[in-house]
$ cat my_file-v4.pdb   # PDB, C-alpha atoms and all ligand atoms
ATOM      1  CA  MET A   3       0.000   0.000   0.000
ATOM      2  CA  ALA A   4       1.123   3.554  -0.620
ATOM      3  CA  LEU A   5       0.141   7.099   0.272
ATOM      4  CA  LEU A   6      -0.234   9.131  -2.913
ATOM      5  CA  PRO A   7       0.429  12.903  -3.094
ATOM      6  CA  ILE A   8      -2.801  14.906  -3.589
ATOM      7  CA  LEU A   9      -2.831  17.702  -6.207
ATOM      8  CA  GLU A  10      -4.103  21.057  -4.939
ATOM      9  CA  PHE A  11      -6.059  23.829  -6.673
ATOM     10  CA  PRO A  12      -5.020  25.665  -8.874
ATOM     11  CA  ASP A  13      -2.756  22.863 -10.187
ATOM     12  CA  PRO A  14      -3.604  22.636 -13.933
ATOM     13  CA  ARG A  15      -3.350  18.823 -13.818
ATOM     14  CA  LEU A  16      -6.676  18.833 -11.923
ATOM     15  CA  ARG A  17      -8.261  20.062 -15.194
ATOM     16  CA  THR A  18      -7.381  16.837 -17.077
ATOM     17  CA  ARG A  19     -10.336  14.782 -18.335
ATOM     18  CA  ALA A  20      -9.958  11.163 -17.137
ATOM     19  CA  THR A  21     -10.268   8.244 -19.569
ATOM     20  CA  PRO A  22     -12.375   5.088 -19.024
ATOM     21  CA  VAL A  23     -10.773   2.010 -17.441
ATOM     22  CA  LYS A  24     -10.547  -0.716 -20.122
ATOM     23  CA  GLU A  25     -10.092  -3.634 -17.754
ATOM     24  CA  VAL A  26     -10.274  -3.831 -13.953
ATOM     25  CA  ASP A  27      -6.942  -5.623 -13.504
ATOM     26  CA  ALA A  28      -4.439  -5.881 -10.619
ATOM     27  CA  SER A  29      -2.961  -2.445 -11.387
ATOM     28  CA  ILE A  30      -6.405  -0.817 -11.037
ATOM     29  CA  GLN A  31      -7.033  -2.734  -7.788
ATOM     30  CA  THR A  32      -3.705  -1.459  -6.439
ATOM     31  CA  LEU A  33      -4.708   2.081  -7.438
ATOM     32  CA  VAL A  34      -8.051   1.633  -5.597
ATOM     33  CA  ASP A  35      -6.290   0.335  -2.458
ATOM     34  CA  ASP A  36      -3.754   3.199  -2.522
ATOM     35  CA  MET A  37      -6.581   5.722  -3.006
ATOM     36  CA  PHE A  38      -8.403   4.367   0.074
ATOM     37  CA  GLU A  39      -5.208   4.541   2.127
ATOM     38  CA  THR A  40      -4.614   8.126   0.948
ATOM     39  CA  MET A  41      -8.226   9.178   1.602
ATOM     40  CA  TYR A  42      -8.373   7.586   5.091
ATOM     41  CA  ASP A  43      -5.023   9.153   6.000
ATOM     42  CA  ALA A  44      -6.137  12.684   4.974
ATOM     43  CA  PRO A  45      -8.855  12.058   6.302
ATOM     44  CA  GLY A  46     -11.572  12.485   3.691
ATOM     45  CA  ILE A  47     -14.836  10.887   2.556
ATOM     46  CA  GLY A  48     -14.255  10.812  -1.207
ATOM     47  CA  LEU A  49     -11.342  10.810  -3.653
ATOM     48  CA  ALA A  50     -11.119  10.714  -7.456
ATOM     49  CA  ALA A  51      -8.020   9.304  -9.213
ATOM     50  CA  SER A  52      -7.591  12.723 -10.905
ATOM     51  CA  GLN A  53      -6.662  14.156  -7.488
ATOM     52  CA  VAL A  54      -3.657  11.823  -7.252
ATOM     53  CA  ASP A  55      -2.637  12.643 -10.852
ATOM     54  CA  VAL A  56      -3.929   9.369 -12.326
ATOM     55  CA  HIS A  57      -6.326  10.331 -15.100
ATOM     56  CA  LYS A  58      -8.511   7.215 -15.101
ATOM     57  CA  ARG A  59     -12.222   7.023 -14.209
ATOM     58  CA  VAL A  60     -11.840   5.636 -10.683
ATOM     59  CA  ILE A  61     -13.525   6.978  -7.499
ATOM     60  CA  VAL A  62     -13.461   5.806  -3.879
ATOM     61  CA  ILE A  63     -15.929   6.946  -1.203
ATOM     62  CA  ASP A  64     -16.446   6.011   2.459
ATOM     63  CA  LEU A  65     -18.817   8.167   4.504
ATOM     64  CA  THR A  66     -18.310   6.229   7.765
ATOM     65  CA  ASP A  67     -16.028   7.203  10.657
ATOM     66  CA  ASP A  68     -14.813   3.624  11.134
ATOM     67  CA  HIS A  69     -13.922   2.884   7.454
ATOM     68  CA  SER A  70     -16.672   0.234   7.382
ATOM     69  CA  ASP A  71     -18.300   1.135   4.046
ATOM     70  CA  PRO A  72     -15.634   1.441   1.334
ATOM     71  CA  ARG A  73     -17.308   2.087  -2.048
ATOM     72  CA  VAL A  74     -15.617   1.880  -5.437
ATOM     73  CA  PHE A  75     -17.006   3.404  -8.639
ATOM     74  CA  ILE A  76     -15.129   2.644 -11.861
ATOM     75  CA  ASN A  77     -16.391   4.243 -15.128
ATOM     76  CA  PRO A  78     -19.445   5.678 -13.318
ATOM     77  CA  GLU A  79     -22.405   6.953 -15.374
ATOM     78  CA  ILE A  80     -25.158   8.850 -13.612
ATOM     79  CA  LYS A  81     -28.756   9.663 -14.421
ATOM     80  CA  VAL A  82     -30.646  12.319 -12.490
ATOM     81  CA  ILE A  83     -33.742  10.829 -10.819
ATOM     82  CA  ASP A  84     -34.891  13.946  -8.959
ATOM     83  CA  GLU A  85     -33.967  17.326 -10.482
ATOM     84  CA  VAL A  86     -34.812  19.096  -7.218
ATOM     85  CA  LEU A  87     -31.587  20.652  -5.982
ATOM     86  CA  GLY A  88     -30.173  20.026  -2.535
ATOM     87  CA  SER A  89     -27.566  22.280  -0.867
ATOM     88  CA  TYR A  90     -24.505  21.028   0.950
ATOM     89  CA  ASP A  91     -21.409  22.695   2.384
ATOM     90  CA  GLU A  92     -18.817  20.906   0.246
ATOM     91  CA  GLY A  93     -15.107  20.584   0.838
ATOM     92  CA  CYS A  94     -12.363  18.897  -1.184
ATOM     93  CA  LEU A  95      -8.975  17.396  -0.370
ATOM     94  CA  SER A  96      -7.645  19.394  -3.352
ATOM     95  CA  VAL A  97      -9.000  22.659  -1.860
ATOM     96  CA  PRO A  98      -7.853  22.239   1.765
ATOM     97  CA  GLY A  99      -9.388  24.482   4.403
ATOM     98  CA  PHE A 100     -12.330  25.769   2.329
ATOM     99  CA  TYR A 101     -16.001  24.780   2.505
ATOM    100  CA  GLU A 102     -18.749  26.423   0.427
ATOM    101  CA  THR A 103     -22.399  25.684  -0.332
ATOM    102  CA  VAL A 104     -23.045  23.936  -3.654
ATOM    103  CA  GLU A 105     -26.431  22.884  -5.107
ATOM    104  CA  ARG A 106     -26.834  19.585  -6.940
ATOM    105  CA  PRO A 107     -29.666  17.216  -7.940
ATOM    106  CA  SER A 108     -30.749  15.332  -4.823
ATOM    107  CA  VAL A 109     -31.361  11.826  -6.181
ATOM    108  CA  ILE A 110     -29.295  10.047  -8.854
ATOM    109  CA  GLU A 111     -28.888   6.562 -10.276
ATOM    110  CA  VAL A 112     -25.359   5.322 -10.914
ATOM    111  CA  ASN A 113     -24.079   2.587 -13.173
ATOM    112  CA  ALA A 114     -20.478   1.585 -12.469
ATOM    113  CA  LEU A 115     -18.000  -1.268 -12.022
ATOM    114  CA  ASP A 116     -16.844  -2.340  -8.556
ATOM    115  CA  ARG A 117     -13.308  -3.349  -7.440
ATOM    116  CA  GLU A 118     -13.837  -6.811  -8.982
ATOM    117  CA  GLY A 119     -14.958  -5.353 -12.316
ATOM    118  CA  GLN A 120     -18.605  -6.322 -11.663
ATOM    119  CA  ALA A 121     -21.236  -3.931 -13.016
ATOM    120  CA  PHE A 122     -23.838  -2.586 -10.586
ATOM    121  CA  THR A 123     -26.665  -0.039 -10.569
ATOM    122  CA  GLU A 124     -27.701   1.842  -7.457
ATOM    123  CA  GLN A 125     -29.927   4.788  -6.523
ATOM    124  CA  LEU A 126     -28.132   7.312  -4.325
ATOM    125  CA  ASP A 127     -29.411  10.277  -2.324
ATOM    126  CA  GLY A 128     -28.238  12.452   0.554
ATOM    127  CA  LEU A 129     -24.506  12.919   1.122
ATOM    128  CA  MET A 130     -23.661   9.780  -0.901
ATOM    129  CA  GLY A 131     -25.326  11.205  -4.029
ATOM    130  CA  ILE A 132     -23.703  14.614  -3.502
ATOM    131  CA  CYS A 133     -20.260  13.133  -2.910
ATOM    132  CA  LEU A 134     -20.437  10.922  -6.010
ATOM    133  CA  GLN A 135     -21.445  13.904  -8.194
ATOM    134  CA  HIS A 136     -18.549  15.924  -6.706
ATOM    135  CA  GLU A 137     -16.096  13.083  -7.486
ATOM    136  CA  ILE A 138     -17.428  12.586 -11.041
ATOM    137  CA  ASP A 139     -16.825  16.312 -11.618
ATOM    138  CA  HIS A 140     -13.124  15.659 -10.817
ATOM    139  CA  LEU A 141     -13.020  13.063 -13.623
ATOM    140  CA  GLU A 142     -14.221  15.839 -15.978
ATOM    141  CA  GLY A 143     -11.573  18.265 -14.678
ATOM    142  CA  LYS A 144     -14.163  20.221 -12.701
ATOM    143  CA  LEU A 145     -13.873  21.422  -9.080
ATOM    144  CA  PHE A 146     -16.521  22.599  -6.603
ATOM    145  CA  VAL A 147     -14.962  26.088  -6.674
ATOM    146  CA  ASP A 148     -16.156  26.332 -10.312
ATOM    147  CA  TYR A 149     -19.727  26.655  -8.950
ATOM    148  CA  LEU A 150     -18.792  29.706  -6.831
ATOM    149  CA  SER A 151     -18.639  33.368  -7.872
ATOM    150  CA  PRO A 152     -15.404  34.392  -9.639
ATOM    151  CA  LEU A 153     -14.596  36.601  -6.627
ATOM    152  CA  LYS A 154     -14.900  33.731  -4.117
ATOM    153  CA  ARG A 155     -12.915  31.414  -6.398
ATOM    154  CA  GLN A 156     -10.136  33.999  -6.820
ATOM    155  CA  ARG A 157      -9.909  34.549  -3.049
ATOM    156  CA  ILE A 158      -9.551  30.807  -2.440
ATOM    157  CA  ARG A 159      -6.986  30.554  -5.248
ATOM    158  CA  SER A 160      -4.842  33.380  -3.825
ATOM    159  CA  LYS A 161      -4.861  31.945  -0.303
ATOM    160  CA  LEU A 162      -3.938  28.460  -1.525
ATOM    161  CA  VAL A 163      -1.137  29.727  -3.812
ATOM    162  CA  LYS A 164       0.274  31.723  -0.886
ATOM    163  CA  GLU A 165       0.133  28.636   1.356
ATOM    164  CA  GLN A 166       1.735  26.449  -1.346
ATOM    165  CA  LYS A 167       4.610  28.980  -1.792
ATOM    166  CA  ARG A 168       5.149  29.044   1.986
ATOM    167  CA  ARG A 169       5.506  25.233   1.969
ATOM    168  CA  ASP A 170       7.962  24.986  -1.000
TER     169      ASP A 170
HETATM  170  C1  LIG A 201     -15.884  15.536  -1.276
HETATM  171  O1  LIG A 201     -14.171  15.799   0.285
HETATM  172  C2  LIG A 201     -17.103  16.102  -0.592
HETATM  173  O2  LIG A 201     -10.717  21.162   3.379
HETATM  174  C3  LIG A 201     -14.923  14.834  -0.399
HETATM  175  O3  LIG A 201      -8.796  20.670   5.163
HETATM  176  C4  LIG A 201     -17.034  16.724   0.653
HETATM  177  O4  LIG A 201     -13.240  14.314   1.645
HETATM  178  C5  LIG A 201     -18.292  16.018  -1.223
HETATM  179  C6  LIG A 201     -11.035  17.545   3.578
HETATM  180  C7  LIG A 201     -18.175  17.235   1.231
HETATM  181  C8  LIG A 201     -19.434  16.525  -0.635
HETATM  182  C9  LIG A 201     -19.380  17.102   0.593
HETATM  183  C10 LIG A 201     -11.250  18.858   3.198
HETATM  184  C11 LIG A 201     -10.044  17.283   4.508
HETATM  185  C12 LIG A 201     -11.797  16.442   2.996
HETATM  186  C13 LIG A 201     -10.511  19.883   3.753
HETATM  187  C14 LIG A 201     -13.360  15.474   1.322
HETATM  188  C15 LIG A 201      -9.493  19.608   4.686
HETATM  189  C16 LIG A 201      -9.286  18.303   5.058
HETATM  190  C17 LIG A 201     -12.656  16.592   1.955
HETATM  191 CO    CO A 202     -12.886  16.967  -4.388
END
$ encode --input "my_file-v4.pdb" --output "structure tokens" --more "lines below"
Ligand code: QAP
Ligand code: CO
Amino acid sequence: MALLPILEFPDPRLRTRATPVKEVDASIQTLVDDMFETMYDAPGIGLAASQVDVHKRVIVIDLTDDHSDPRVFINPEIKVIDEVLGSYDEGCLSVPGFYETVERPSVIEVNALDREGQAFTEQLDGLMGICLQHEIDHLEGKLFVDYLSPLKRQRIRSKLVKEQKRRD
């Protein structure tokens, strides 16, 4: 297992569109395991491969405190079931220290492959649905700050760049 470095906004690599996984083989399973280790270490509740600079359509999510519900979504496709928008104060491991309200459809259906390459379909609502939509945005090169006003986004960008320079 390995801890992977997490890219931070405004790193341009976060804007890369991820490509579908052709085959869920041992290398993808290792990536999934390393992503869980990285996410639990952070700690976070969701991580897309894009955030660790691997531009493949792989997402891990675990909303529990005790790591008891690890979920894997490979090549996820979603359909909106309920257009009604729900609001949530979202954060992101690639935007550390910032939380802002984002609105998204409240109920979705997802089609994806699991860690064994098995296809599944599931209806998701609440935080699980929100988190999956947030992670799928990463696969498209999109970040939650893109939903904010340009002024808010610029303020977050400046603070993070300053912090990143301090660390170098
Ligand atoms: C995405 O985000 C998410 O700022 C997952 O300093 C979050 O795991 C989707 C984290 C909320 C919907 C709602 C953020 C950790 C973790 C930070 C995360 C931080 C440390 C974020
Ligand atoms: Co994120």
$ closest_residue --input "my_file-v4.pdb" --among "A:Arg59, A:Lys167, A:Lys161, A:Lys144" --to "ligand CO 202 (chain A)" --atoms "only C-alpha atoms and all ligand atoms"
A:Lys144
$ resolve_selection --input "my_file-v4.pdb" --expression "the PyMOL selection byres (((chain A and resi 77) around 7) and not hetatm)" --output "PyMOL selection string"
chain A and resi 22-23+59-60+75-76+78-79+114-115
$ closest_residue --input "my_file-v4.pdb" --among "A:His140, A:Arg106, A:Arg19, A:Arg159" --to "Asp84 of chain A" --atoms "all atoms listed in the file"
A:Arg106
$ residues_near_ligand --input "my_file-v4.pdb" --ligand "ligand LIG 201 (chain A)" --cutoff "6 Å" --atoms "only C-alpha atoms and all ligand atoms" --output "list in words"
Pro45, Gly46, Ile47, Gly48, Glu92, Gly93, Cys94, Leu95, Val97, Pro98, Gly99, Phe100, Ile132, Cys133 and His136 of chain A
$ write_last_selection --input "my_file-v4.pdb" --atoms "C-alpha atoms" --output "tab-separated table (two decimals), in the frame of the given file"
chain	number	residue	atom	x	y	z
A	45	PRO	CA	-8.86	12.06	6.30
A	46	GLY	CA	-11.57	12.48	3.69
A	47	ILE	CA	-14.84	10.89	2.56
A	48	GLY	CA	-14.26	10.81	-1.21
A	92	GLU	CA	-18.82	20.91	0.25
A	93	GLY	CA	-15.11	20.58	0.84
A	94	CYS	CA	-12.36	18.90	-1.18
A	95	LEU	CA	-8.98	17.40	-0.37
A	97	VAL	CA	-9.00	22.66	-1.86
A	98	PRO	CA	-7.85	22.24	1.76
A	99	GLY	CA	-9.39	24.48	4.40
A	100	PHE	CA	-12.33	25.77	2.33
A	132	ILE	CA	-23.70	14.61	-3.50
A	133	CYS	CA	-20.26	13.13	-2.91
A	136	HIS	CA	-18.55	15.92	-6.71
$ closest_residue --input "my_file-v4.pdb" --among "A:Pro72, A:Leu153, A:Asp64, A:Val112" --to "Leu129 of chain A" --atoms "only C-alpha atoms"
A:Asp64
$ closest_residue --input "my_file-v4.pdb" --among "A:Met37, A:Lys24, A:Lys58, A:Thr18" --to "Ala4 of chain A" --atoms "all atoms listed in the file"
A:Met37
$ closest_residue --input "my_file-v4.pdb" --among "A:Val82, A:Thr66, A:Arg169, A:Leu141" --to "Asp127 of chain A" --atoms "all atoms listed in the file"
A:Val82
$ resolve_selection --input "my_file-v4.pdb" --expression "the PyMOL selection byres (((chain A and resi 128) around 10) and not hetatm)" --output "list of chain:residue names"
A:Gly88, A:Ser89, A:Tyr90, A:Pro107, A:Ser108, A:Val109, A:Ile110, A:Leu126, A:Asp127, A:Leu129, A:Met130, A:Gly131, A:Ile132, A:Cys133
$ axis_aligned_box --input "my_file-v4.pdb" --around "segment 87-104 of chain A" --padding-each-side "6 Å" --output "JSON"
{"center_x": -19.6, "center_y": 21.9, "center_z": -0.8, "size_x": 35.9, "size_y": 21.0, "size_z": 22.4}
$ closest_residue --input "my_file-v4.pdb" --among "A:Val34, A:Leu134, A:Val163, A:Ile158" --to "ligand CO 202 (chain A)" --atoms "all atoms listed in the file"
A:Leu134
$ residues_around --input "my_file-v4.pdb" --residues "Ala50 of chain A" --least-positions-apart "2" --cutoff "6 Å" --atoms "all atoms listed in the file" --output "PDB file with C-alpha atoms, keeping the file's coordinate frame"
ATOM      1  CA  SER A  52      -7.591  12.723 -10.905  1.00  0.00           C
ATOM      2  CA  GLN A  53      -6.662  14.156  -7.488  1.00  0.00           C
ATOM      3  CA  ILE A  61     -13.525   6.978  -7.499  1.00  0.00           C
ATOM      4  CA  GLU A 137     -16.096  13.083  -7.486  1.00  0.00           C
TER       5      GLU A 137
END
$ atom_distance --input "my_file-v4.pdb" --atom1 "atom CA of Glu124 of chain A" --atom2 "atom CA of Glu111 of chain A"
5.6 Å
$ decode --input "my_file-v4.pdb" --residues "segment 76-87 of chain A" --atoms "N, CA, C and O atoms" --output "PDB file, in the first residue's frame"
ATOM      1  N   ILE A  76     -16.002   2.583 -10.690  1.00  0.00           N
ATOM      2  CA  ILE A  76     -15.129   2.644 -11.861  1.00  0.00           C
ATOM      3  C   ILE A  76     -16.016   2.891 -13.088  1.00  0.00           C
ATOM      4  O   ILE A  76     -17.069   2.258 -13.223  1.00  0.00           O
ATOM      5  N   ASN A  77     -15.605   3.826 -13.947  1.00  0.00           N
ATOM      6  CA  ASN A  77     -16.391   4.243 -15.128  1.00  0.00           C
ATOM      7  C   ASN A  77     -17.838   4.580 -14.759  1.00  0.00           C
ATOM      8  O   ASN A  77     -18.771   4.105 -15.416  1.00  0.00           O
ATOM      9  N   PRO A  78     -18.068   5.396 -13.742  1.00  0.00           N
ATOM     10  CA  PRO A  78     -19.445   5.678 -13.318  1.00  0.00           C
ATOM     11  C   PRO A  78     -20.206   6.503 -14.360  1.00  0.00           C
ATOM     12  O   PRO A  78     -19.635   7.400 -14.992  1.00  0.00           O
ATOM     13  N   GLU A  79     -21.484   6.160 -14.524  1.00  0.00           N
ATOM     14  CA  GLU A  79     -22.405   6.953 -15.374  1.00  0.00           C
ATOM     15  C   GLU A  79     -23.592   7.262 -14.491  1.00  0.00           C
ATOM     16  O   GLU A  79     -24.143   6.344 -13.862  1.00  0.00           O
ATOM     17  N   ILE A  80     -24.002   8.535 -14.445  1.00  0.00           N
ATOM     18  CA  ILE A  80     -25.158   8.850 -13.612  1.00  0.00           C
ATOM     19  C   ILE A  80     -26.321   9.413 -14.411  1.00  0.00           C
ATOM     20  O   ILE A  80     -26.149  10.002 -15.473  1.00  0.00           O
ATOM     21  N   LYS A  81     -27.506   9.155 -13.866  1.00  0.00           N
ATOM     22  CA  LYS A  81     -28.756   9.663 -14.421  1.00  0.00           C
ATOM     23  C   LYS A  81     -29.437  10.384 -13.261  1.00  0.00           C
ATOM     24  O   LYS A  81     -29.476   9.859 -12.143  1.00  0.00           O
ATOM     25  N   VAL A  82     -29.948  11.574 -13.535  1.00  0.00           N
ATOM     26  CA  VAL A  82     -30.646  12.319 -12.490  1.00  0.00           C
ATOM     27  C   VAL A  82     -32.051  11.746 -12.331  1.00  0.00           C
ATOM     28  O   VAL A  82     -32.774  11.579 -13.310  1.00  0.00           O
ATOM     29  N   ILE A  83     -32.415  11.392 -11.108  1.00  0.00           N
ATOM     30  CA  ILE A  83     -33.742  10.829 -10.819  1.00  0.00           C
ATOM     31  C   ILE A  83     -34.660  11.930 -10.307  1.00  0.00           C
ATOM     32  O   ILE A  83     -35.832  11.969 -10.640  1.00  0.00           O
ATOM     33  N   ASP A  84     -34.111  12.816  -9.461  1.00  0.00           N
ATOM     34  CA  ASP A  84     -34.891  13.946  -8.959  1.00  0.00           C
ATOM     35  C   ASP A  84     -34.100  15.228  -9.197  1.00  0.00           C
ATOM     36  O   ASP A  84     -33.037  15.435  -8.623  1.00  0.00           O
ATOM     37  N   GLU A  85     -34.634  16.074 -10.092  1.00  0.00           N
ATOM     38  CA  GLU A  85     -33.967  17.326 -10.482  1.00  0.00           C
ATOM     39  C   GLU A  85     -33.900  18.330  -9.336  1.00  0.00           C
ATOM     40  O   GLU A  85     -33.129  19.290  -9.402  1.00  0.00           O
ATOM     41  N   VAL A  86     -34.773  18.140  -8.326  1.00  0.00           N
ATOM     42  CA  VAL A  86     -34.812  19.096  -7.218  1.00  0.00           C
ATOM     43  C   VAL A  86     -33.411  19.207  -6.614  1.00  0.00           C
ATOM     44  O   VAL A  86     -32.765  18.197  -6.332  1.00  0.00           O
ATOM     45  N   LEU A  87     -32.948  20.449  -6.456  1.00  0.00           N
ATOM     46  CA  LEU A  87     -31.587  20.652  -5.982  1.00  0.00           C
ATOM     47  C   LEU A  87     -31.521  20.615  -4.462  1.00  0.00           C
ATOM     48  O   LEU A  87     -32.417  21.112  -3.783  1.00  0.00           O
TER      49      LEU A  87
END
